[in-house]
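Data file: my_file_9.cif. Format and content: mmCIF, C-alpha atoms.
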```cif
data_input
#
loop_
_atom_site.group_PDB
_atom_site.id
_atom_site.type_symbol
_atom_site.label_atom_id
_atom_site.label_comp_id
_atom_site.auth_asym_id
_atom_site.auth_seq_id
_atom_site.Cartn_x
_atom_site.Cartn_y
_atom_site.Cartn_z
ATOM 1 C CA MET I 710 97.680 119.836 116.200
ATOM 2 C CA PRO I 711 99.112 119.747 112.682
ATOM 3 C CA ARG I 712 99.345 116.374 110.975
ATOM 4 C CA ILE I 713 102.850 114.956 110.511
ATOM 5 C CA THR I 714 103.473 113.419 107.097
ATOM 6 C CA PRO I 715 106.663 111.461 106.400
ATOM 7 C CA ASN I 716 108.356 112.607 103.179
ATOM 8 C CA LEU I 717 110.445 109.895 101.539
ATOM 9 C CA TRP I 718 113.201 111.009 99.148
ATOM 10 C CA PHE I 719 113.681 108.876 96.051
ATOM 11 C CA ASP I 720 115.906 109.375 93.039
ATOM 12 C CA THR I 721 113.321 109.050 90.241
ATOM 13 C CA ASN I 722 111.218 106.033 91.286
ATOM 14 C CA GLY I 723 108.883 107.551 93.906
ATOM 15 C CA GLN I 724 105.758 106.710 91.915
ATOM 16 C CA GLU I 725 106.868 103.105 91.479
ATOM 17 C CA ALA I 726 107.632 102.840 95.208
ATOM 18 C CA ALA I 727 104.301 104.403 96.241
ATOM 19 C CA GLU I 728 102.391 102.045 93.948
ATOM 20 C CA PHE I 729 104.311 99.097 95.417
ATOM 21 C CA TYR I 730 103.576 100.135 99.015
ATOM 22 C CA VAL I 731 99.847 100.616 98.369
ATOM 23 C CA SER I 732 99.750 97.144 96.777
ATOM 24 C CA VAL I 733 101.234 95.624 99.963
ATOM 25 C CA PHE I 734 99.148 97.350 102.649
ATOM 26 C CA PRO I 735 95.337 97.068 102.836
ATOM 27 C CA ASN I 736 93.182 100.198 102.823
ATOM 28 C CA SER I 737 95.851 102.133 100.937
ATOM 29 C CA ALA I 738 95.875 104.345 97.857
ATOM 30 C CA VAL I 739 97.802 106.871 95.832
ATOM 31 C CA THR I 740 95.964 110.132 96.528
ATOM 32 C CA GLY I 741 97.731 112.715 94.374
ATOM 33 C CA MET I 742 100.730 113.695 92.258
ATOM 34 C CA THR I 743 102.602 116.823 91.306
ATOM 35 C CA PHE I 744 104.900 117.268 88.337
ATOM 36 C CA TYR I 745 108.017 119.260 87.548
ATOM 37 C CA GLY I 746 107.372 122.374 85.489
ATOM 38 C CA GLU I 747 109.628 124.264 83.112
ATOM 39 C CA ALA I 748 111.577 125.739 86.077
ATOM 40 C CA GLY I 749 112.895 122.243 86.949
ATOM 41 C CA PRO I 750 115.115 121.065 88.387
ATOM 42 C CA GLY I 751 113.696 117.802 86.989
ATOM 43 C CA PRO I 752 112.525 117.430 83.398
ATOM 44 C CA ALA I 753 109.195 119.212 82.811
ATOM 45 C CA GLY I 754 106.257 116.825 83.073
ATOM 46 C CA THR I 755 108.034 114.190 85.157
ATOM 47 C CA VAL I 756 106.706 113.231 88.592
ATOM 48 C CA LEU I 757 107.903 115.464 91.443
ATOM 49 C CA THR I 758 105.799 114.106 94.337
ATOM 50 C CA VAL I 759 103.391 111.255 94.939
ATOM 51 C CA GLU I 760 100.963 111.496 97.838
ATOM 52 C CA PHE I 761 99.781 108.165 99.199
ATOM 53 C CA GLU I 762 98.205 106.638 102.277
ATOM 54 C CA LEU I 763 98.993 103.346 103.943
ATOM 55 C CA ASP I 764 95.932 102.369 105.986
ATOM 56 C CA GLY I 765 95.140 106.024 106.675
ATOM 57 C CA GLN I 766 98.720 107.196 107.360
ATOM 58 C CA PRO I 767 99.742 109.813 104.787
ATOM 59 C CA PHE I 768 103.139 109.759 103.077
ATOM 60 C CA ILE I 769 104.758 111.738 100.301
ATOM 61 C CA ALA I 770 107.321 110.280 97.895
ATOM 62 C CA VAL I 771 109.609 112.976 96.476
ATOM 63 C CA ASN I 772 111.595 112.384 93.293
ATOM 64 C CA GLY I 773 114.497 114.589 94.295
ATOM 65 C CA GLY I 774 117.397 112.926 92.521
ATOM 66 C CA PRO I 775 120.317 110.844 93.782
ATOM 67 C CA VAL I 776 121.484 113.339 96.426
ATOM 68 C CA PHE I 777 120.068 111.459 99.472
ATOM 69 C CA THR I 778 119.469 107.782 100.217
ATOM 70 C CA PHE I 779 117.739 105.861 102.997
ATOM 71 C CA ASP I 780 119.597 104.292 105.894
ATOM 72 C CA GLU I 781 118.645 102.371 109.025
ATOM 73 C CA ALA I 782 118.474 105.524 111.155
ATOM 74 C CA VAL I 783 114.800 105.739 110.132
ATOM 75 C CA SER I 784 112.471 102.767 109.836
ATOM 76 C CA PHE I 785 108.769 101.991 109.914
ATOM 77 C CA LEU I 786 107.375 99.475 112.407
ATOM 78 C CA ILE I 787 104.611 97.113 111.316
ATOM 79 C CA ASP I 788 102.809 95.811 114.410
ATOM 80 C CA CYS I 789 101.573 92.403 113.237
ATOM 81 C CA ALA I 790 98.709 90.527 114.903
ATOM 82 C CA ASP I 791 100.113 87.041 114.284
ATOM 83 C CA GLN I 792 102.685 84.924 112.450
ATOM 84 C CA ALA I 793 100.632 84.963 109.247
ATOM 85 C CA GLU I 794 100.848 88.777 109.105
ATOM 86 C CA ILE I 795 104.573 88.669 109.857
ATOM 87 C CA ASP I 796 105.099 86.130 107.076
ATOM 88 C CA TYR I 797 103.032 88.197 104.605
ATOM 89 C CA TYR I 798 104.770 91.541 105.206
ATOM 90 C CA TRP I 799 108.202 89.933 105.445
ATOM 91 C CA ALA I 800 107.776 88.171 102.092
ATOM 92 C CA LYS I 801 106.330 91.201 100.290
ATOM 93 C CA LEU I 802 108.731 93.829 101.621
ATOM 94 C CA SER I 803 111.954 91.787 101.582
ATOM 95 C CA GLU I 804 111.451 90.625 97.967
ATOM 96 C CA GLY I 805 114.249 92.279 96.016
ATOM 97 C CA GLY I 806 115.506 93.827 99.248
ATOM 98 C CA GLU I 807 117.674 92.681 102.107
ATOM 99 C CA GLU I 808 116.824 90.728 105.270
ATOM 100 C CA GLY I 809 118.310 92.046 108.483
ATOM 101 C CA PRO I 810 118.430 90.848 112.072
ATOM 102 C CA CYS I 811 115.680 90.946 114.712
ATOM 103 C CA GLY I 812 112.737 91.515 112.376
ATOM 104 C CA TRP I 813 114.374 94.320 110.349
ATOM 105 C CA LEU I 814 114.571 94.410 106.580
ATOM 106 C CA LYS I 815 115.293 96.828 103.761
ATOM 107 C CA ASP I 816 112.860 96.802 100.871
ATOM 108 C CA ARG I 817 113.873 97.010 97.202
ATOM 109 C CA TYR I 818 113.994 100.816 97.497
ATOM 110 C CA GLY I 819 116.324 100.772 100.512
ATOM 111 C CA LEU I 820 113.655 101.782 103.061
ATOM 112 C CA SER I 821 113.938 100.000 106.429
ATOM 113 C CA TRP I 822 111.024 98.223 108.083
ATOM 114 C CA GLN I 823 110.584 96.408 111.386
ATOM 115 C CA VAL I 824 108.127 93.520 111.061
ATOM 116 C CA CYS I 825 107.226 92.582 114.637
ATOM 117 C CA PRO I 826 104.448 90.831 116.521
ATOM 118 C CA THR I 827 102.054 92.693 118.775
ATOM 119 C CA GLY I 828 103.247 92.165 122.347
ATOM 120 C CA MET I 829 106.930 91.837 121.498
ATOM 121 C CA LYS I 830 107.986 94.798 123.630
ATOM 122 C CA GLU I 831 106.096 93.315 126.605
ATOM 123 C CA ILE I 832 107.903 89.990 126.361
ATOM 124 C CA LEU I 833 111.288 91.703 125.918
ATOM 125 C CA ASN I 834 110.588 93.933 128.938
ATOM 126 C CA ASP I 835 108.981 91.277 131.125
ATOM 127 C CA PRO I 836 109.329 91.902 134.874
ATOM 128 C CA ASP I 837 110.862 88.409 135.035
ATOM 129 C CA SER I 838 114.323 89.391 133.802
ATOM 130 C CA ALA I 839 115.331 85.787 133.054
ATOM 131 C CA ARG I 840 112.263 85.374 130.816
ATOM 132 C CA ALA I 841 112.999 88.664 129.053
ATOM 133 C CA GLU I 842 116.641 87.678 128.556
ATOM 134 C CA ARG I 843 115.702 84.308 127.027
ATOM 135 C CA ALA I 844 113.327 86.042 124.624
ATOM 136 C CA MET I 845 115.959 88.659 123.708
ATOM 137 C CA ARG I 846 118.573 85.982 122.984
ATOM 138 C CA ALA I 847 116.111 84.126 120.766
ATOM 139 C CA MET I 848 115.104 87.293 118.899
ATOM 140 C CA ARG I 849 118.727 88.287 118.307
ATOM 141 C CA ALA I 850 119.315 84.948 116.541
ATOM 142 C CA MET I 851 116.390 85.531 114.153
ATOM 143 C CA LYS I 852 115.970 87.453 110.955
ATOM 144 C CA LYS I 853 112.196 87.168 110.436
ATOM 145 C CA ILE I 854 110.537 86.916 113.852
ATOM 146 C CA ASP I 855 109.161 83.474 114.675
ATOM 147 C CA VAL I 856 106.489 84.095 117.323
ATOM 148 C CA ALA I 857 106.276 80.464 118.485
ATOM 149 C CA ALA I 858 110.063 80.218 118.863
ATOM 150 C CA LEU I 859 110.162 83.533 120.720
ATOM 151 C CA HIS I 860 107.558 82.291 123.225
ATOM 152 C CA ALA I 861 109.195 78.873 123.489
ATOM 153 C CA ALA I 862 112.495 80.522 124.397
ATOM 154 C CA ALA I 863 110.820 82.805 126.933
ATOM 155 C CA ASP I 864 108.861 79.967 128.537
ATOM 156 C CA PRO I 865 110.824 76.711 128.089
ATOM 157 C CA ALA I 866 108.989 73.547 129.061
#
```
Could you show the structure in this file as structure tokens?
Amino acid sequence: MPRITPNLWFDTNGQEAAEFYVSVFPNSAVTGMTFYGEAGPGPAGTVLTVEFELDGQPFIAVNGGPVFTFDEAVSFLIDCADQAEIDYYWAKLSEGGEEGPCGWLKDRYGLSWQVCPTGMKEILNDPDSARAERAMRAMRAMKKIDVAALHAAADPA
């Protein structure tokens, strides 16, 4: 099966964004670049694409100009092992960006991320509908997910 590689359209700051993302995620690196030639449409010698990997997942940043921008219709989910990971990714990715509800944020480049704990879908889809509803109500009141508060709401004393 062919590999699927997300291509992210930036105005002119794709290299900056790629370098930021690889600084946030472990086991990540910029793996290649291409440049505009004399045929354009960008100035010759400027960065056209940046290939990078985030923990083995390939991405390409394209400096395509201001024609397209990101919106919440596409986001990347970070499945975090614990509250410390949630706190780390939330702080790094929301800096200069915008916090949203229910574990969503936009980074400084406008790309949307979901920073969620492992097991969140199980608690929100628990066979005990009352437990699932309590967890959902708690999550909907949060920006950054608080794992202890989510579990406390699901399983009140």
Check: Near Trp718 (chain I), counting all atoms listed in the file, which residues have an atom at most 8 Å away, once you skip same-chain residues fewer than 4 positions from it, shown as a list in words?
Finding: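 The residues that qualify are Gly723, Ala770, Val771, Asn772, Gly773, Phe777, Thr778 and Phe779 of chain I.
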Check: What gap, in Å, lies between CA of Arg840 (chain I) and CA of Trp799 (chain I)?
Finding: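 Atom-to-atom, CA of Arg840 (chain I) and CA of Trp799 (chain I) are spaced 26.1 Å apart.
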Margin query: As an exercise, work out the distance from CA of Ala753 (chain I) to CA of Leu820 (chain I) in Å and give it to one decimal place.
Written below: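 Those two atoms sit 27.1 Å apart.
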Notebook entry, point to check: Which one is closest to Asp864 (chain I): I:Ala847, I:Leu757, I:Val733, I:Ala790? Count all atoms listed in the file.
Noted result: I:Ala847
Item checked: Explicit residues for the PyMOL selection byres ((chain I and resi 853) around 7) (as a ChimeraX atom specification) -> /I:799,811-812,851-852,854-855
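Residues in contact with Arg849 (chain I) at up to 9 Å, not including ones fewer than 4 positions away on its chain and judged by only C-alpha atoms, are Pro810, Cys811, Ala844 and Met845 of chain I.
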Next item on the list: List, as a list of chain:residue names, every residue that the PyMOL selection byres ((chain I and resi 798) around 9) selects in the file provided.
Entry: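 Checking the PyMOL selection byres ((chain I and resi 798) around 9) against this file, the residues are I:Val733, I:Phe734, I:Ile787, I:Cys789, I:Ala793, I:Glu794, I:Ile795, I:Asp796, I:Tyr797, I:Trp799, I:Ala800, I:Lys801, I:Leu802, I:Ser803, I:Val824.
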How would the residues just picked look written out with C-alpha atoms as a PDB file, keeping the file's coordinate frame?
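Written output follows (selection05.pdb):
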```
ATOM      1  CA  VAL I 733     101.234  95.624  99.963  1.00  0.00           C
ATOM      2  CA  PHE I 734      99.148  97.350 102.649  1.00  0.00           C
ATOM      3  CA  ILE I 787     104.611  97.113 111.316  1.00  0.00           C
ATOM      4  CA  CYS I 789     101.573  92.403 113.237  1.00  0.00           C
ATOM      5  CA  ALA I 793     100.632  84.963 109.247  1.00  0.00           C
ATOM      6  CA  GLU I 794     100.848  88.777 109.105  1.00  0.00           C
ATOM      7  CA  ILE I 795     104.573  88.669 109.857  1.00  0.00           C
ATOM      8  CA  ASP I 796     105.099  86.130 107.076  1.00  0.00           C
ATOM      9  CA  TYR I 797     103.032  88.197 104.605  1.00  0.00           C
ATOM     10  CA  TRP I 799     108.202  89.933 105.445  1.00  0.00           C
ATOM     11  CA  ALA I 800     107.776  88.171 102.092  1.00  0.00           C
ATOM     12  CA  LYS I 801     106.330  91.201 100.290  1.00  0.00           C
ATOM     13  CA  LEU I 802     108.731  93.829 101.621  1.00  0.00           C
ATOM     14  CA  SER I 803     111.954  91.787 101.582  1.00  0.00           C
ATOM     15  CA  VAL I 824     108.127  93.520 111.061  1.00  0.00           C
TER      16      VAL I 824
END
```
Next item on the list: Skip Thr755 (chain I) itself and residues of its chain fewer than 3 positions away, then list as a list in words all residues within 12 Å of it, counting only C-alpha atoms.
Entry: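 Within the cut-off, the hits are Thr721, Asn722, Gly723, Gln724, Met742, Thr743, Phe744, Tyr745, Gly746, Glu747, Gly749, Pro750, Gly751, Pro752, Thr758, Val759, Val771, Asn772, Gly773 and Gly774 of chain I.
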Next item on the list: Tell me which of I:Ala839, I:Ile713, I:Ala726, I:Ala850 sits closest to Gly819 (chain I), counting all atoms listed in the file.
Entry: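 With all atoms listed in the file as the atom set, the closest residue is I:Ala726.
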Next item on the list: Check which residues satisfy the PyMOL selection byres ((chain I and resi 761-765) around 10) in the file shown, then give them as a PyMOL selection string.
Entry: chain I and resi 714+724+727-728+730-742+758-760+766-770
Check: Using all atoms listed in the file, can you list as a PyMOL selection string the residues within 12 Å of (112.8, 90.8, 130.5)?
Finding: chain I and resi 829-846+862-864
Checklist line | For Asp780 (chain I), the nearest of the candidates I:Ala748, I:Val756, I:Leu717, I:Ala866, counting only C-alpha atoms | finding: I:Leu717
Item checked: Proximity to Phe719 (chain I) - best of I:Tyr818, I:Trp813, I:Ser784, I:Gly828, all atoms listed in the file ->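 Nearest candidate to Phe719 (chain I) out of I:Tyr818, I:Trp813, I:Ser784, I:Gly828: I:Tyr818.
CA of Pro715 (chain I) lies 29.5 Å from CA of Val856 (chain I).
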